[in-house]
Each structure stands twice: as structure tokens, then as C-alpha cells.
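One structure is given below, encoded as C-alpha cells.
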Amino acid sequence: MVFSGILKGDNILQQERDIFMFKKLKAENLEQYFLKLIKNRKPEGFEKFLLCVLFVASRFYRMAVQIRIWMYEKRIIRNRSIGCLVVSIGNVSCGGTGKTPVVEVFARSLTEQGRRVAILSRGYRSKSLTFWEKLEKRFAHKKIELPPRIVSDGNEVMLNPREAGDEPYMLASNLQKVAVLVDKDRVKSGLYAIDKFETDVLILDDGFQYLRLKPHINIVLVDSTDPFGNGHVLPRGILREPVKNIARGDYIFLTKSSGGNKNNHLRKFLRKYNKRAEIIECCHKPQYLQHVFNCEEKYPLESLRNTRVAAISAIAQPSSFEGFLEKQGAIIVERIHYADHHAYSQQEIIDFINQAKKAGAEYIITTEKDAVRVPRIDRQDIKMLFLRIQIDILSGQENFEQCIKRICFL
């Protein structure tokens with residue numbers, strides 16, 4: 001009886017997992033469809049009508065965003081200062097600007113200057129309380145007030161990627177002496193970091209729209225390869241708020257830059273809305289290849305030259321990642337894209353390994369952000385590697401150093 005009860009419980013759990021995966025895939029497919037739709041320059045029939053609906057919705061969304069910002073500016077809604085230096089790093093568009101490596105370089109530079117740094121993340125698609133857990137607490141009259149999830153205390157990583165979210169986990173894995181906390185309420189997690197870790201600098205990861213906690217320095221990132229999409233706000237475009245709001249930035253980072261004079265037009269455009277911010281150009285420079293399941297196994301980038309590879313990614317701008325591989329001389333014989341932050345299943349990875357082998361790939365290459373979401377597969381017939389990326393300042397190095405000094409001496 002007990003054994004049958006256990007089997008029944010396992011079956012229910014499996015059914016719940018299957019339902020969750022089905023809903024997740026449906027949501028991701030819908031997301032992919034709308035991303036393709038808003039990029040379509042020659043819509044016809046129903047898609048043309050749907051874009052008109054999205055445009056109207058985007059007008060209302062834009063209005064709501066501007067009213068919210070106005071209410072904070074007029075102090076109708078008050079933001080919080082919590083007795084600690086706050087650096088906000090974010091963007092006006094949805095994903096794809098290469099924010100995580102910039103957060104990493106700021107955290108590392110400030111730590112080297114002797115500051116005690118904590119990164120506060122919302123933890124996009126990280127695991128939280130289930131509906132049933134929330135319902136149980138509600139009926140038990142328990143206040144749902146949980147402490148922030150500590151991804152890293154600065155010494156060790158304490159959560160897995162599913163619990164933490166891929167980007168916080170990646171930051172925690174790459175940074176020593178930096179605490180990483182996840183909570184939607186960044187005021188709460190900031191106070192917790194100050195109390196428990198004696199933090200003196202808080203970095204708001206993806207904090208440009210988080211107005212509740214007052215930043216001392218606002219750093220806004222702009223993807224120089226695709227700055228603002230089609231120029232529309234959500235849901236007609238990829239902008240979280242109008243481009244003119246870039247005026248709030250104290251420093252503007254042009255990411256994925258190729259240097260030279262190619263960004264002069266973009267610089268002039270940004271100066272229309274922000275005349276005071278220092279503009280710093282940087283690129284995401286590949287460093288080496290690393291085995292997804294063995295951190296000790298590393299390969300030089302030269303290993304890619306004239307090598308047949310298969311590329312798998314679930315990021316906002318997969319073309320950027322694949323462009324890195326091709327610049328290093330790799331021949332991409334198989335590729336697959338999933339929705340941003342997609343959690344891979346074992347079967348998806350096994351299927352792709354089989355496709356890669358069939359196409360004659362010598363390696364499977366993914367991104368560092370994807371690597372933390374890949375389930376362990378005990379197959380040795382093809383190596384699965386990720387591309388380690390770091391930020392390289394192309395122009396404005398003095399401005400970057402000035403920014404670090406400004407934070408340190410505020």
C-alpha cells in the first residue's frame with residue numbers, strides 16, 4: 001500500500017512536470033512568434049492587423065511607463081535610499097545588450113579597489129514559491145515574507161542555476177568576494193546584503209527600470225549592432241521605455257562595438273537625448289573555450305579554425321554568438337536557437353548531439369549563459385564546449401576608470 005502510494009505520488013509529480021514543460025514550450029513558441037512578427041517589415045493579412053493591435057497597445061504601455069516615471073520624479077511615489085552606494089546597470093531594450101559581462105567587470109574592478117560588493121538580481125525565470133506553496137501559506141495565515149535567495153556569499157556558490165537563474169549563477173561562479181542575491185524586492189535584498197555581508201556597494205543588475213531603489217550612478221547599455229530595434233516600445237517593439245529616457249544615464253556603454261568611426265552616427269543620436277553622459281565603447285571579446293561539464297578542460301580559440309562545429313543557444317541575439325565563432329574560423333554545420341533563458345531538457349541535448357554528429361561536427365559550442373542550463377549528459381562521443389567572453393574597453397578607458405574612482409570615493 002505504501003509502495004503504491006509512493007508510485008502514485010511520483011506519477012502526479014511527473015504529470016505536473018509534463019504540464020509545466022508543455023506550458024513553458026507554448027509560452028516560448030508564442031514569444032518567438034511575436035519576436036519574428038515585430039521584425040517583419042512586409043506584413044500581410046492577419047499579421048498586418050495584429051501589428052496594428054500591438055501598436056495601439058504599445059501607445060498605452062508607453063503612456064503608463066511615462067506616468068510611472070513622472071510620479072517618481074515628482075515624489076508622488078517615493079524611492080528609497082538605504083545608506084549604501086547603489087550602481088544601476090541596465091538598458092532600455094529587452095535583452096541582447098551583453099549586460100552580464102559588464103556587471104561582472106564592474107564588480108571585479110570595484111572589488112580590486114577594496115570595496116565590498118553585492119549584486120542584486122531579480123533572477124529572471126529562477127525558481128520561486130509554487131502556487132500550491134503560496135496557497136498553503138495563505139490558508140495558514142502565514143505572511144509570505146522570505147529572505148532573499150543567496151546565490152553566493154562571496155566564498156561559495158550556494159544555489160543551482162534553476163533556483164538562482166542563469167545570469168546570477170554565472171556571476172556567482174565567476175566572481176570571488178562578491179555576494180550575489182536574488183529577489184524581486186531589491187530594497188529588501190539590499191538591506192539584507194548590508195546587514196549580513198557589510199556591503200558598501202550594491203550593483204543593481206538590470207536596474208534601469210527599477211525606480212524604487214534610488215541609484216547614485218545610472219549606467220545604461222546600448223547594443224551598437226541593434227540599438228533600439230524598430231523604435232517601438234513593447235509589445236510592438238523591443239523597447240521597455242522610450243529612447244528619450246536614456247537621459248537618466250550617467251554613463252552610456254556602447255556594447256558589441258567594433259571601434260573606429262562606425263558608431264559616430266549612434267553617438268550623435270544619443271547626444272540628442274543625453275548631452276552629459278560619458279560614452280564608453282566596449283566589445284565582448286572571446287577568451288577561450290571551456291568544457292561545459294569540466295571547468296579544468298580549456299582550449300584556445302585557435303581550436304576553432306577550420307573546424308566543423310554545431311552551435312546551440314537560447315539567448316536574445318544568437319547571431320552575435322555565431323558571428324564570434326565564424327570570425328574565429330569555425331564552420332557552423334548545424335545550429336539551433338531557443339527562446340531566451342530556455343531551460344534545456346536532456347532529450348533536447350541528446351537530440352542535438354545526434355544532429356551534430358550526423359552533420360559531421362567535431363564540437364558542440366554554446367554560450368556561457370547557456371552552459372549553466374545544460375543538463376549533464378554522460379556521453380563522450382562529442383565534446384560540448386562554451387565560449388568564455390570578457391569585456392574589452394575600445395574607447396573611453398579613462399572614462400571607465402573615472403567611473404570606478406567616482407564610485408569608490410562617493
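Letters for chains follow the order of the C-alpha cells (A, B, ...), residue numbers begin at 1 for each chain, and ligand numbers begin at 1 in the order shown.
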May I have the residues within 7 Å of stretch 77-81 of chain A as a VMD selection string, using only C-alpha atoms and disregarding those fewer than 2 positions away in the same chain?
chain A and resid 71 to 72 75 83 211 to 214
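Remark: for A:Lys369, the closest of the candidate residues A:Val180, A:Ile312, A:Ile350, A:Ile393 is A:Ile312 (distances computed over only C-alpha atoms).
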Return as an mmCIF file with C-alpha atoms, in the first residue's frame the full set of residues in stretch 250-365 of chain A whose backbone-based DSSP assignment is strand (DSSP E).
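What landed in out.cif:
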data_model
loop_
_atom_site.group_PDB
_atom_site.id
_atom_site.type_symbol
_atom_site.label_atom_id
_atom_site.label_comp_id
_atom_site.auth_asym_id
_atom_site.auth_seq_id
_atom_site.Cartn_x
_atom_site.Cartn_y
_atom_site.Cartn_z
ATOM 1 C CA TYR A 251 27.361 56.687 -18.356
ATOM 2 C CA ILE A 252 26.408 55.078 -21.664
ATOM 3 C CA PHE A 253 28.136 51.852 -22.699
ATOM 4 C CA LEU A 254 28.037 51.015 -26.391
ATOM 5 C CA THR A 255 28.385 47.229 -26.308
ATOM 6 C CA GLU A 278 30.188 59.885 -20.800
ATOM 7 C CA ILE A 279 30.071 57.392 -23.679
ATOM 8 C CA ILE A 280 32.265 54.297 -23.433
ATOM 9 C CA GLU A 281 32.652 51.778 -26.257
ATOM 10 C CA CYS A 282 33.360 48.152 -25.476
ATOM 11 C CA CYS A 283 33.276 44.781 -27.164
ATOM 12 C CA HIS A 284 32.620 41.279 -25.915
ATOM 13 C CA LYS A 285 35.945 39.597 -26.548
ATOM 14 C CA PRO A 286 36.160 35.773 -26.669
ATOM 15 C CA GLN A 287 38.863 34.450 -24.328
ATOM 16 C CA TYR A 288 38.906 30.672 -24.658
ATOM 17 C CA LEU A 289 36.724 27.560 -24.915
ATOM 18 C CA GLN A 290 35.805 25.551 -21.834
ATOM 19 C CA HIS A 291 34.176 22.153 -21.404
ATOM 20 C CA LYS A 298 40.035 24.523 -21.598
ATOM 21 C CA TYR A 299 41.002 25.057 -25.236
ATOM 22 C CA ARG A 308 33.228 21.937 -38.185
ATOM 23 C CA VAL A 309 31.057 22.858 -35.206
ATOM 24 C CA ALA A 310 27.400 22.775 -34.144
ATOM 25 C CA ALA A 311 26.043 25.855 -32.348
ATOM 26 C CA ILE A 312 23.220 25.762 -29.802
ATOM 27 C CA SER A 313 21.948 28.827 -27.944
ATOM 28 C CA ILE A 331 32.476 26.276 -39.923
ATOM 29 C CA ILE A 332 28.959 26.028 -38.469
ATOM 30 C CA VAL A 333 27.383 22.878 -39.915
ATOM 31 C CA GLU A 334 24.370 22.704 -37.582
ATOM 32 C CA ARG A 335 22.628 25.312 -35.445
ATOM 33 C CA ILE A 336 19.535 25.656 -33.298
ATOM 34 C CA HIS A 337 18.009 28.621 -31.439
ATOM 35 C CA TYR A 363 32.493 20.083 -31.344
ATOM 36 C CA ILE A 364 29.218 21.440 -29.994
ATOM 37 C CA ILE A 365 29.622 25.076 -28.952
#
So how far away is atom CA of A:Glu302 from atom CA of A:Ile353, in Å?
22.6 Å
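Comparing A:Asn261, A:Ser319, A:Thr307, A:Asn245 by their smallest distance to A:Leu394, the closest is A:Asn261 (using only C-alpha atoms).
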What's around A:Glu31 at 12 Å? Count only C-alpha atoms, leave out sequence neighbours fewer than 6 positions away in its own chain, and write the answer as number ranges by chain.
A: 24-25, 37-38, 235, 238, 316, 338-342
Non-local contacts of A:Gly154 (12 Å; only C-alpha atoms; under 2 positions in same chain excluded) as a PyMOL selection string
chain A and resi 107-108+111+116-119+150-152+156-158+171-181+193+196-199
Using N, CA and C atoms, can you export the residues from the last selection as a PDB file, in the first residue's frame?
ATOM      1  N   ALA A 107      31.863  44.689 -11.019  1.00  0.00           N
ATOM      2  CA  ALA A 107      32.003  44.049  -9.708  1.00  0.00           C
ATOM      3  C   ALA A 107      33.461  43.697  -9.420  1.00  0.00           C
ATOM      4  N   ARG A 108      34.147  43.171 -10.437  1.00  0.00           N
ATOM      5  CA  ARG A 108      35.548  42.779 -10.251  1.00  0.00           C
ATOM      6  C   ARG A 108      36.438  44.007 -10.018  1.00  0.00           C
ATOM      7  N   THR A 111      35.829  45.438  -6.534  1.00  0.00           N
ATOM      8  CA  THR A 111      36.400  44.552  -5.508  1.00  0.00           C
ATOM      9  C   THR A 111      37.912  44.733  -5.428  1.00  0.00           C
ATOM     10  N   ARG A 116      33.406  46.362  -0.808  1.00  0.00           N
ATOM     11  CA  ARG A 116      32.638  45.138  -0.531  1.00  0.00           C
ATOM     12  C   ARG A 116      31.367  45.191  -1.376  1.00  0.00           C
ATOM     13  N   VAL A 117      31.316  44.360  -2.397  1.00  0.00           N
ATOM     14  CA  VAL A 117      30.284  44.468  -3.434  1.00  0.00           C
ATOM     15  C   VAL A 117      29.261  43.346  -3.305  1.00  0.00           C
ATOM     16  N   ALA A 118      27.993  43.709  -3.522  1.00  0.00           N
ATOM     17  CA  ALA A 118      26.927  42.721  -3.659  1.00  0.00           C
ATOM     18  C   ALA A 118      26.137  43.044  -4.922  1.00  0.00           C
ATOM     19  N   ILE A 119      25.793  42.008  -5.666  1.00  0.00           N
ATOM     20  CA  ILE A 119      24.983  42.165  -6.876  1.00  0.00           C
ATOM     21  C   ILE A 119      23.559  41.758  -6.542  1.00  0.00           C
ATOM     22  N   ILE A 150      20.281  33.633  -1.507  1.00  0.00           N
ATOM     23  CA  ILE A 150      21.710  33.932  -1.597  1.00  0.00           C
ATOM     24  C   ILE A 150      22.328  32.963  -2.596  1.00  0.00           C
ATOM     25  N   VAL A 151      22.665  33.474  -3.767  1.00  0.00           N
ATOM     26  CA  VAL A 151      23.302  32.642  -4.788  1.00  0.00           C
ATOM     27  C   VAL A 151      24.755  32.394  -4.403  1.00  0.00           C
ATOM     28  N   SER A 152      25.407  33.449  -3.891  1.00  0.00           N
ATOM     29  CA  SER A 152      26.787  33.337  -3.408  1.00  0.00           C
ATOM     30  C   SER A 152      26.977  34.293  -2.247  1.00  0.00           C
ATOM     31  N   GLU A 156      31.363  30.919  -1.668  1.00  0.00           N
ATOM     32  CA  GLU A 156      30.917  29.720  -2.369  1.00  0.00           C
ATOM     33  C   GLU A 156      29.552  29.942  -2.997  1.00  0.00           C
ATOM     34  N   VAL A 157      29.312  29.204  -4.085  1.00  0.00           N
ATOM     35  CA  VAL A 157      28.014  29.251  -4.764  1.00  0.00           C
ATOM     36  C   VAL A 157      27.069  28.330  -4.006  1.00  0.00           C
ATOM     37  N   MET A 158      25.892  28.857  -3.648  1.00  0.00           N
ATOM     38  CA  MET A 158      25.003  28.139  -2.741  1.00  0.00           C
ATOM     39  C   MET A 158      23.714  27.646  -3.390  1.00  0.00           C
ATOM     40  N   LEU A 171      27.311  34.864 -12.709  1.00  0.00           N
ATOM     41  CA  LEU A 171      28.066  35.902 -11.987  1.00  0.00           C
ATOM     42  C   LEU A 171      28.683  35.327 -10.714  1.00  0.00           C
ATOM     43  N   ALA A 172      27.893  34.546  -9.983  1.00  0.00           N
ATOM     44  CA  ALA A 172      28.383  33.956  -8.733  1.00  0.00           C
ATOM     45  C   ALA A 172      29.556  33.011  -8.985  1.00  0.00           C
ATOM     46  N   SER A 173      29.503  32.283 -10.101  1.00  0.00           N
ATOM     47  CA  SER A 173      30.565  31.320 -10.432  1.00  0.00           C
ATOM     48  C   SER A 173      31.861  32.010 -10.821  1.00  0.00           C
ATOM     49  N   ASN A 174      31.760  33.192 -11.433  1.00  0.00           N
ATOM     50  CA  ASN A 174      32.941  33.872 -11.980  1.00  0.00           C
ATOM     51  C   ASN A 174      33.565  34.892 -11.026  1.00  0.00           C
ATOM     52  N   LEU A 175      32.849  35.256  -9.965  1.00  0.00           N
ATOM     53  CA  LEU A 175      33.329  36.335  -9.094  1.00  0.00           C
ATOM     54  C   LEU A 175      33.624  35.836  -7.692  1.00  0.00           C
ATOM     55  N   GLN A 176      34.791  36.175  -7.204  1.00  0.00           N
ATOM     56  CA  GLN A 176      35.168  35.892  -5.830  1.00  0.00           C
ATOM     57  C   GLN A 176      34.976  37.155  -4.984  1.00  0.00           C
ATOM     58  N   LYS A 177      34.621  36.972  -3.719  1.00  0.00           N
ATOM     59  CA  LYS A 177      34.441  38.070  -2.759  1.00  0.00           C
ATOM     60  C   LYS A 177      33.297  39.008  -3.132  1.00  0.00           C
ATOM     61  N   VAL A 178      32.369  38.514  -3.951  1.00  0.00           N
ATOM     62  CA  VAL A 178      31.198  39.301  -4.340  1.00  0.00           C
ATOM     63  C   VAL A 178      29.950  38.488  -4.004  1.00  0.00           C
ATOM     64  N   ALA A 179      29.088  39.034  -3.157  1.00  0.00           N
ATOM     65  CA  ALA A 179      27.825  38.364  -2.845  1.00  0.00           C
ATOM     66  C   ALA A 179      26.839  38.586  -3.986  1.00  0.00           C
ATOM     67  N   VAL A 180      26.044  37.568  -4.282  1.00  0.00           N
ATOM     68  CA  VAL A 180      25.012  37.663  -5.324  1.00  0.00           C
ATOM     69  C   VAL A 180      23.684  37.231  -4.702  1.00  0.00           C
ATOM     70  N   LEU A 181      22.699  38.118  -4.734  1.00  0.00           N
ATOM     71  CA  LEU A 181      21.395  37.846  -4.128  1.00  0.00           C
ATOM     72  C   LEU A 181      20.290  37.991  -5.163  1.00  0.00           C
ATOM     73  N   ALA A 193      21.866  42.492   2.293  1.00  0.00           N
ATOM     74  CA  ALA A 193      23.298  42.436   1.945  1.00  0.00           C
ATOM     75  C   ALA A 193      24.115  43.343   2.866  1.00  0.00           C
ATOM     76  N   LYS A 196      24.048  41.498   6.463  1.00  0.00           N
ATOM     77  CA  LYS A 196      24.709  40.201   6.592  1.00  0.00           C
ATOM     78  C   LYS A 196      26.142  40.190   6.060  1.00  0.00           C
ATOM     79  N   PHE A 197      26.420  40.990   5.008  1.00  0.00           N
ATOM     80  CA  PHE A 197      27.733  40.926   4.364  1.00  0.00           C
ATOM     81  C   PHE A 197      28.524  42.234   4.479  1.00  0.00           C
ATOM     82  N   GLU A 198      27.984  43.198   5.214  1.00  0.00           N
ATOM     83  CA  GLU A 198      28.631  44.511   5.400  1.00  0.00           C
ATOM     84  C   GLU A 198      28.996  45.141   4.055  1.00  0.00           C
ATOM     85  N   THR A 199      28.080  45.025   3.117  1.00  0.00           N
ATOM     86  CA  THR A 199      28.279  45.538   1.768  1.00  0.00           C
ATOM     87  C   THR A 199      28.327  47.062   1.772  1.00  0.00           C
TER      88      THR A 199
END
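Residues in contact with A:Lys36 at 12 Å, where only C-alpha atoms are counted and same-chain residues fewer than 3 positions away are skipped, are listed as Asn29, Leu30, Glu31, Gln32, Tyr33, Lys39, Asn40, Arg41, Lys42, Pro43, Glu47, Leu51, Gly229, Arg236, Gly237, Ile238 and Ala339 of chain A.
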